[in-house]
>>> print(open('data.pdb').read())   # PDB, C-alpha atoms
ATOM      1  CA  HIS A 531     268.248-115.049-177.868
ATOM      2  CA  GLY A 532     265.583-117.756-177.384
ATOM      3  CA  GLY A 533     267.351-119.144-174.293
ATOM      4  CA  HIS A 534     267.561-115.671-172.760
ATOM      5  CA  ASN A 535     263.854-115.137-173.509
ATOM      6  CA  ALA A 536     262.891-118.425-171.824
ATOM      7  CA  ALA A 537     265.160-117.733-168.828
ATOM      8  CA  GLY A 538     263.623-114.287-168.285
ATOM      9  CA  GLN A 539     260.103-115.642-168.591
ATOM     10  CA  HIS A 540     260.957-118.473-166.187
ATOM     11  CA  ARG A 541     262.345-115.990-163.647
ATOM     12  CA  ALA A 542     259.194-113.852-163.893
ATOM     13  CA  ILE A 543     256.968-116.888-163.393
ATOM     14  CA  MET A 544     259.041-117.878-160.362
ATOM     15  CA  VAL A 545     258.424-114.413-158.871
ATOM     16  CA  TRP A 546     254.686-114.843-159.517
ATOM     17  CA  LEU A 547     254.772-118.324-157.975
ATOM     18  CA  GLY A 548     256.592-116.941-154.939
ATOM     19  CA  ILE A 549     253.910-114.273-154.529
ATOM     20  CA  LEU A 550     251.212-116.945-154.918
ATOM     21  CA  ILE A 551     252.810-119.147-152.259
ATOM     22  CA  ASP A 552     253.333-116.090-150.036
ATOM     23  CA  ALA A 553     249.645-115.166-150.479
ATOM     24  CA  VAL A 554     248.437-118.331-148.730
ATOM     25  CA  PRO A 555     249.677-117.546-145.196
ATOM     26  CA  GLU A 556     249.132-113.799-145.706
ATOM     27  CA  SER A 557     245.491-114.355-146.596
ATOM     28  CA  LEU A 558     244.981-116.642-143.602
ATOM     29  CA  VAL A 559     246.430-113.896-141.409
ATOM     30  CA  ILE A 560     243.915-111.403-142.842
ATOM     31  CA  GLY A 561     241.072-113.673-141.709
ATOM     32  CA  ILE A 562     242.709-114.157-138.317
ATOM     33  CA  ILE A 563     243.198-110.409-137.819
ATOM     34  CA  ILE A 564     239.568-109.726-138.695
ATOM     35  CA  ASN A 565     238.468-112.226-136.038
ATOM     36  CA  LYS A 566     240.917-110.826-133.471
ATOM     37  CA  SER A 567     239.275-107.434-133.926
ATOM     38  CA  TYR A 568     235.852-108.771-132.968
ATOM     39  CA  VAL A 569     234.604-107.194-129.749
ATOM     40  CA  GLU A 570     231.096-108.084-128.653
ATOM     41  CA  GLY A 571     228.621-105.213-128.742
ATOM     42  CA  GLU A 572     230.639-103.033-131.133
ATOM     43  CA  ASP A 573     230.399-102.249-134.832
ATOM     44  CA  VAL A 574     232.175-105.283-136.276
ATOM     45  CA  GLY A 575     232.773-103.795-139.732
ATOM     46  CA  LEU A 576     234.480-100.618-138.568
ATOM     47  CA  ASN A 577     236.574-102.346-135.931
ATOM     48  CA  ALA A 578     237.649-105.105-138.320
ATOM     49  CA  ALA A 579     238.523-102.627-141.070
ATOM     50  CA  ALA A 580     240.572-100.461-138.724
ATOM     51  CA  THR A 581     242.434-103.505-137.429
ATOM     52  CA  VAL A 582     243.140-105.297-140.712
ATOM     53  CA  LEU A 583     243.758-102.262-142.927
ATOM     54  CA  PRO A 584     247.397-101.640-141.865
ATOM     55  CA  PHE A 585     248.286-105.273-142.601
ATOM     56  CA  VAL A 586     246.509-105.255-145.982
ATOM     57  CA  ILE A 587     248.207-101.987-146.964
ATOM     58  CA  GLY A 588     251.583-103.374-145.878
ATOM     59  CA  VAL A 589     251.052-106.529-147.942
ATOM     60  CA  PHE A 590     249.938-104.424-150.901
ATOM     61  CA  ILE A 591     252.990-102.148-150.618
ATOM     62  CA  SER A 592     255.340-105.133-150.470
ATOM     63  CA  ASN A 593     253.677-107.141-153.254
ATOM     64  CA  LEU A 594     253.000-104.363-155.777
ATOM     65  CA  PRO A 595     256.615-103.856-156.956
ATOM     66  CA  GLU A 596     257.109-107.614-157.158
ATOM     67  CA  ALA A 597     253.926-108.024-159.183
ATOM     68  CA  MET A 598     254.710-105.143-161.515
ATOM     69  CA  SER A 599     258.254-106.371-162.099
ATOM     70  CA  SER A 600     257.102-109.921-162.698
ATOM     71  CA  SER A 601     254.325-108.832-165.070
ATOM     72  CA  GLY A 602     256.644-106.543-167.010
ATOM     73  CA  ILE A 603     259.240-109.284-167.423
ATOM     74  CA  MET A 604     256.565-111.799-168.491
ATOM     75  CA  LYS A 605     255.230-109.381-171.120
ATOM     76  CA  ALA A 606     258.727-108.426-172.310
ATOM     77  CA  HIS A 607     259.523-112.106-172.810
ATOM     78  CA  GLY A 608     256.481-112.795-174.941
ATOM     79  CA  MET A 609     253.757-113.965-172.570
ATOM     80  CA  ASN A 610     250.199-113.151-173.571
ATOM     81  CA  VAL A 611     248.674-110.259-171.579
ATOM     82  CA  TYR A 612     245.501-112.286-170.954
ATOM     83  CA  THR A 613     247.566-115.116-169.466
ATOM     84  CA  ILE A 614     249.359-112.654-167.178
ATOM     85  CA  LEU A 615     246.037-111.142-166.072
ATOM     86  CA  LEU A 616     244.567-114.598-165.470
ATOM     87  CA  MET A 617     247.535-115.467-163.249
ATOM     88  CA  TRP A 618     246.954-112.347-161.108
ATOM     89  CA  VAL A 619     243.195-112.902-160.974
ATOM     90  CA  ALA A 620     243.869-116.443-159.708
ATOM     91  CA  THR A 621     246.171-114.998-157.033
ATOM     92  CA  THR A 622     243.474-112.503-155.987
ATOM     93  CA  VAL A 623     240.783-115.199-155.793
ATOM     94  CA  LEU A 624     243.105-117.446-153.773
ATOM     95  CA  THR A 625     243.813-114.570-151.381
ATOM     96  CA  ALA A 626     240.107-113.860-150.864
ATOM     97  CA  ALA A 627     239.396-117.553-150.276
ATOM     98  CA  GLY A 628     242.346-117.809-147.883
ATOM     99  CA  SER A 629     241.017-114.885-145.851
ATOM    100  CA  ALA A 630     237.642-116.582-145.529
ATOM    101  CA  ILE A 631     239.313-119.865-144.580
ATOM    102  CA  GLY A 632     241.454-118.082-141.969
ATOM    103  CA  ALA A 633     238.327-116.497-140.476
ATOM    104  CA  VAL A 634     236.536-119.868-140.347
ATOM    105  CA  LEU A 635     239.468-121.889-138.987
ATOM    106  CA  PHE A 636     240.263-119.362-136.271
ATOM    107  CA  PRO A 637     236.964-117.922-134.982
ATOM    108  CA  PRO A 638     236.815-114.894-132.664
ATOM    109  CA  GLY A 639     238.398-115.673-129.318
ATOM    110  CA  SER A 640     240.439-118.634-130.582
ATOM    111  CA  SER A 641     243.711-116.751-130.109
ATOM    112  CA  LYS A 642     242.978-116.307-126.397
ATOM    113  CA  SER A 643     242.678-120.007-125.651
ATOM    114  CA  ALA A 644     246.060-121.709-125.462
ATOM    115  CA  MET A 645     244.442-124.975-124.320
ATOM    116  CA  ASP A 646     243.324-126.086-127.791
ATOM    117  CA  GLY A 647     246.436-125.021-129.667
ATOM    118  CA  SER A 648     244.667-122.354-131.723
ATOM    119  CA  ALA A 649     246.914-119.617-130.338
ATOM    120  CA  LEU A 650     250.006-121.604-131.318
ATOM    121  CA  ALA A 651     248.577-122.256-134.794
ATOM    122  CA  ILE A 652     247.830-118.550-135.247
ATOM    123  CA  VAL A 653     251.367-117.587-134.251
ATOM    124  CA  ALA A 654     252.754-120.244-136.611
ATOM    125  CA  VAL A 655     250.673-118.982-139.552
ATOM    126  CA  GLU A 656     251.649-115.363-138.845
ATOM    127  CA  GLY A 657     255.323-116.343-138.595
ATOM    128  CA  LEU A 658     255.094-118.350-141.809
ATOM    129  CA  ALA A 659     253.577-115.347-143.603
ATOM    130  CA  ALA A 660     256.366-113.060-142.404
ATOM    131  CA  GLY A 661     259.064-115.579-143.299
ATOM    132  CA  ALA A 662     257.606-116.217-146.746
ATOM    133  CA  MET A 663     257.513-112.492-147.464
ATOM    134  CA  LEU A 664     261.124-111.975-146.343
ATOM    135  CA  THR A 665     262.320-114.996-148.320
ATOM    136  CA  MET A 666     260.562-113.805-151.455
ATOM    137  CA  ILE A 667     262.044-110.330-151.202
ATOM    138  CA  ALA A 668     265.572-111.498-150.318
ATOM    139  CA  GLN A 669     265.779-114.238-152.927
ATOM    140  CA  THR A 670     264.106-112.730-155.960
ATOM    141  CA  MET A 671     263.631-109.002-155.657
ATOM    142  CA  MET A 672     266.717-107.671-153.897
ATOM    143  CA  PRO A 673     269.368-109.159-156.215
ATOM    144  CA  GLU A 674     267.542-107.857-159.293
ATOM    145  CA  ALA A 675     266.974-104.482-157.650
ATOM    146  CA  PHE A 676     270.667-104.046-156.754
ATOM    147  CA  GLU A 677     271.678-105.192-160.243
ATOM    148  CA  GLN A 678     269.434-102.659-161.962
ATOM    149  CA  GLY A 679     269.271 -99.846-159.401
ATOM    150  CA  GLY A 680     272.643 -99.731-157.717
ATOM    151  CA  ASP A 681     273.356 -98.490-154.221
ATOM    152  CA  VAL A 682     270.196 -96.387-153.872
ATOM    153  CA  VAL A 683     268.214 -99.627-153.546
ATOM    154  CA  GLY A 684     269.205-100.052-149.898
ATOM    155  CA  LEU A 685     267.838 -96.625-148.978
ATOM    156  CA  SER A 686     264.722 -97.256-151.065
ATOM    157  CA  CYS A 687     264.177-100.530-149.218
ATOM    158  CA  LEU A 688     264.478 -98.718-145.895
ATOM    159  CA  ALA A 689     262.007 -96.048-147.067
ATOM    160  CA  GLY A 690     259.541 -98.755-148.091
ATOM    161  CA  PHE A 691     259.903-100.510-144.748
ATOM    162  CA  LEU A 692     259.350 -97.247-142.876
ATOM    163  CA  ALA A 693     256.283 -96.496-145.029
ATOM    164  CA  ALA A 694     254.807 -99.904-144.194
ATOM    165  CA  LEU A 695     255.656 -99.430-140.512
ATOM    166  CA  SER A 696     254.066 -95.975-140.445
ATOM    167  CA  VAL A 697     250.837 -97.447-141.806
ATOM    168  CA  LYS A 698     250.769 -99.745-138.783
ATOM    169  CA  LEU A 699     251.453 -96.904-136.369
ATOM    170  CA  ILE A 700     248.834 -94.488-137.727
ATOM    171  CA  PRO A 701     245.797 -94.721-135.455
ATOM    172  CA  LEU A 702     242.700 -95.440-137.546
ATOM    173  CA  ASN A 703     240.201 -96.122-134.779
ATOM    174  CA  GLN A 704     240.054 -93.132-132.440
ATOM    175  CA  SER A 705     237.051 -94.349-130.411
ATOM    176  CA  HIS A 706     239.151 -96.469-127.989
TER     177      HIS A 706
END
>>> encode(input="data.pdb", output="structure tokens")
Amino acid sequence: HGGHNAAGQHRAIMVWLGILIDAVPESLVIGIIINKSYVEGEDVGLNAAATVLPFVIGVFISNLPEAMSSSGIMKAHGMNVYTILLMWVATTVLTAAGSAIGAVLFPPGSSKSAMDGSALAIVAVEGLAAGAMLTMIAQTMMPEAFEQGGDVVGLSCLAGFLAALSVKLIPLNQSH
């Protein structure tokens, strides 16, 4: 029973580590998106919020089940609740710092200038974020979901994808 307990805890920590690694490019993209939304002479806060909100909601929707599953497995396999909370607080702090770093490294207008390579770097970071998210879901979450949930998991995955996509398609800024 001890080996099973350690294996389950290890798997849950690997999910958390995957989310942590995935958070780095995602948080950089949040900073980049905020800067892309900057238009001179307009209310920066409203424009930035309307632009970045669909991405943040999509990231939240994709990471929440992973985080809940990982936390539940960690707790079920004997990890201290305070340790679990500390791990998620560290992930949140890293995400906030990554967003600030993304905003500083890629200032407004940097995606328009292909001469200095900023546009290529932005595309690379965005692609890395998308790839990390897909890898995390395919490698850790989907096998466990099919094992525990059966065939309905495929339809649930599609519903989740469509929910995230609809968030992107809902117009939040009607002034333009």
>>> closest_atom_pairs(input="data.pdb", of="stretch 598-618 of chain A", to="stretch 539-562 of chain A", cutoff="9 Å", atoms="all atoms listed in the file", output="tab-separated table")
residue	atom	partner	partner_atom	distance
A:Ser599	CA	A:Ala542	CA	7.8
A:Ser600	CA	A:Ala542	CA	4.6
A:Ser601	CA	A:Ala542	CA	7.1
A:Gly602	CA	A:Ala542	CA	8.3
A:Ile603	CA	A:Ala542	CA	5.8
A:Met604	CA	A:Gln539	CA	5.2
A:Lys605	CA	A:Gln539	CA	8.3
A:Ala606	CA	A:Gln539	CA	8.2
A:His607	CA	A:Gln539	CA	5.5
A:Gly608	CA	A:Gln539	CA	7.8
A:Met609	CA	A:Gln539	CA	7.7
A:Met617	CA	A:Trp546	CA	8.1
A:Trp618	CA	A:Trp546	CA	8.3
>>> axis_aligned_box(input="data.pdb", around="stretch 663-673 of chain A", padding_each_side="3 Å", output="JSON")
{"center_x": 263.4, "center_y": -111.3, "center_z": -151.3, "size_x": 17.9, "size_y": 13.3, "size_z": 15.9}
>>> residues_around(input="data.pdb", residues="stretch 674-690 of chain A", least_positions_apart="2", cutoff="12 Å", atoms="all atoms listed in the file", output="list in words")
Gly538, Arg541, Ala542, Val545, Ile587, Gly588, Val589, Phe590, Ile591, Ser592, Asn593, Leu594, Pro595, Glu596, Ser599, Ser600, Ile603, Ile667, Ala668, Gln669, Thr670, Met671, Met672, Leu692, Ala693, Ala694, Leu695, Ser696 and Val697 of chain A
>>> residues_around(input="data.pdb", residues="A:Thr581", least_positions_apart="5", cutoff="7 Å", atoms="only C-alpha atoms", output="list in words")
Ile563, Ile564 and Ser567 of chain A
>>> atom_distance(input="data.pdb", atom1="atom CA of A:Glu656", atom2="atom CA of A:Met598")
25.1 Å
>>> atom_distance(input="data.pdb", atom1="atom CA of A:Val611", atom2="atom CA of A:Leu624")
20.0 Å
